[in-house]
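J.: Sending over a structure as structure tokens; questions will come in a sec.
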Amino acid sequence: MTTYSVSRATEDIGMGEVEAMPLMGVELPSRFENFQPSRESGLDNETMAEHGFPGSDAERFRTMGRIGGFMREFVSVVPSFGTDGVDFMAATVAHLFDTPESVHEWMHDVFLKDFETNVGADIGNNQRLLGSERLEPSGFYDEAVALKALHEDNGRLISVTIVDFRVGRVLGVAFVGTLGDHVRIEEATELGVALEQRIVSVALG
């Protein structure tokens with residue numbers, strides 16, 4: 001299947017389909033077999049702004065073509081929290097936009113740019129963004145970008161490796177949270193590829 005045909009498959013989908021796209025527990029890659037559901041929720045533009053970086057604006061998100069999204073998050077049940085290098089969280093998100101071009105603009109002008117602009121900033125809940133490092137994901141149908149964000153969370157270091165990729169009007173996001181300063185591009189990519197397959201399956205009906 002070509003990138004064009006995959007993109008065409010997303011032309012007529014709505015939020016009902018988007019809510020079915022984030023991975024369920026049985027669909028997670030085997031490396032996350034010990035992870036259990038933590039939370040799932042709809043993500044309208046107001047919610048995105050409320051939980052985004054300081055100064056985030058729902059109207060800005062609407063203007064950029066974002067319609068809405070849905071997230072499913074899982075956490076590790078292995079009793080090793082506090083151990084450096086442990087992956088403790090994995091999540092996938094699907095966002096719906098007006099056009100594929102809006103997805104591209106979001107990936108670069110919101111996702112990458114906002115992380116890089118806010119390095120050093122307090123981001124709420126006793127967290128501070130210490131660093132943002134761009135990464136190079138591979139293996140996706142269409143455009144993909146990634147980064148590792150390093151946070152200080154109540155005195156602990158936490159890394160979150162995030163992959164954003166485009167499937168027509170849908171932005172897929174996969175991320176892995178790790179204790180300490182670590183990159184998890186392989187793990188986040190594996191999660192993202194599984195999400196991409198799910199998005200395509202739902203879009204094709």
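Here, A, B, ... name the chains of the structure tokens in the order displayed, residue numbers run from 1 inside each chain, and ligands are numbered from 1 in the same displayed order.
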Give me, as a Markdown table, the closest atom pair and its distance (Å, one decimal) for every residue of segment 8-124 of chain A within a cut-off of 12 Å of segment 148-166 of chain A, counting only C-alpha atoms, rows sorted by chain and rising number.
T.:
| residue | atom | partner | partner_atom | distance |
| --- | --- | --- | --- | --- |
| A:Thr10 | CA | A:Arg166 | CA | 10.8 |
| A:Phe81 | CA | A:Arg156 | CA | 11.6 |
| A:Gly82 | CA | A:Arg156 | CA | 8.9 |
| A:Thr83 | CA | A:Arg156 | CA | 10.9 |
| A:Asp84 | CA | A:Leu157 | CA | 8.9 |
| A:Gly85 | CA | A:Ser159 | CA | 9.3 |
| A:Val86 | CA | A:Ile158 | CA | 10.0 |
| A:Asp87 | CA | A:Ser159 | CA | 9.3 |
| A:Phe88 | CA | A:Ile158 | CA | 9.8 |
| A:Met89 | CA | A:Val160 | CA | 9.0 |
| A:Ala90 | CA | A:Val160 | CA | 9.4 |
| A:Ala91 | CA | A:Ile162 | CA | 9.6 |
| A:Thr92 | CA | A:Val163 | CA | 9.6 |
| A:Val93 | CA | A:Asp164 | CA | 9.4 |
| A:Ala94 | CA | A:Asp164 | CA | 9.8 |
| A:His95 | CA | A:Arg166 | CA | 9.8 |
| A:Leu96 | CA | A:Arg166 | CA | 10.3 |
| A:Phe97 | CA | A:Arg166 | CA | 10.4 |
| A:Thr99 | CA | A:Arg166 | CA | 10.7 |
| A:Pro100 | CA | A:Arg166 | CA | 7.5 |
| A:Glu101 | CA | A:Arg166 | CA | 9.6 |
| A:Ser102 | CA | A:Arg166 | CA | 10.0 |
| A:Val103 | CA | A:Arg166 | CA | 6.6 |
| A:His104 | CA | A:Arg166 | CA | 7.3 |
| A:Glu105 | CA | A:Arg166 | CA | 10.8 |
| A:Trp106 | CA | A:Asp164 | CA | 9.8 |
| A:Met107 | CA | A:Asp164 | CA | 6.8 |
| A:His108 | CA | A:Asp164 | CA | 9.9 |
| A:Val110 | CA | A:Asp164 | CA | 11.3 |
| A:Phe111 | CA | A:Asp164 | CA | 8.3 |
| A:Leu112 | CA | A:Asp164 | CA | 9.5 |
| A:Asp114 | CA | A:Ala149 | CA | 11.3 |
| A:Phe115 | CA | A:Ala149 | CA | 7.6 |
| A:Glu116 | CA | A:Ala149 | CA | 9.2 |
| A:Asn118 | CA | A:Ala149 | CA | 10.6 |
| A:Val119 | CA | A:Ala149 | CA | 9.0 |
| A:Gly120 | CA | A:His151 | CA | 9.4 |
| A:Ala121 | CA | A:His151 | CA | 10.1 |
| A:Asp122 | CA | A:Glu152 | CA | 9.3 |
| A:Ile123 | CA | A:His151 | CA | 9.4 |
| A:Gly124 | CA | A:Asp153 | CA | 9.6 |
J.: Could you give me, as a PyMOL selection string, each residue of chain A that DSSP assigns to strand (DSSP E or B) when run on this structure's backbone?
T.: chain A and resi 35-43+66-76+87-97+122-124+127-135+144-153+156-167+170-179
J.: Would you mind telling me which residue in A:Asp109, A:Glu50, A:Gly131, A:Thr189 lies nearest to Met64 of chain A when using only C-alpha atoms?
T.: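 Answer, going by the shortest atom-to-atom distance: A:Asp109.
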J.: Please return as a PyMOL selection string: the residues of chain A that backbone DSSP assigns to alpha helix (DSSP H).
T.: chain A and resi 3-9+15-19+45-50+58-63+100-106+113-117+185-204
J.: Would you compute the distance between atom CA of Gly177 of chain A and atom CA of Ser38 of chain A? Give it in Å to one decimal.
T.: 13.2 Å
J.: Work out how far atom CA of Ala58 of chain A is from atom CA of Arg39 of chain A, in Å to one decimal.
T.: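 Atom CA of Arg39 of chain A sits 22.3 Å away from atom CA of Ala58 of chain A.
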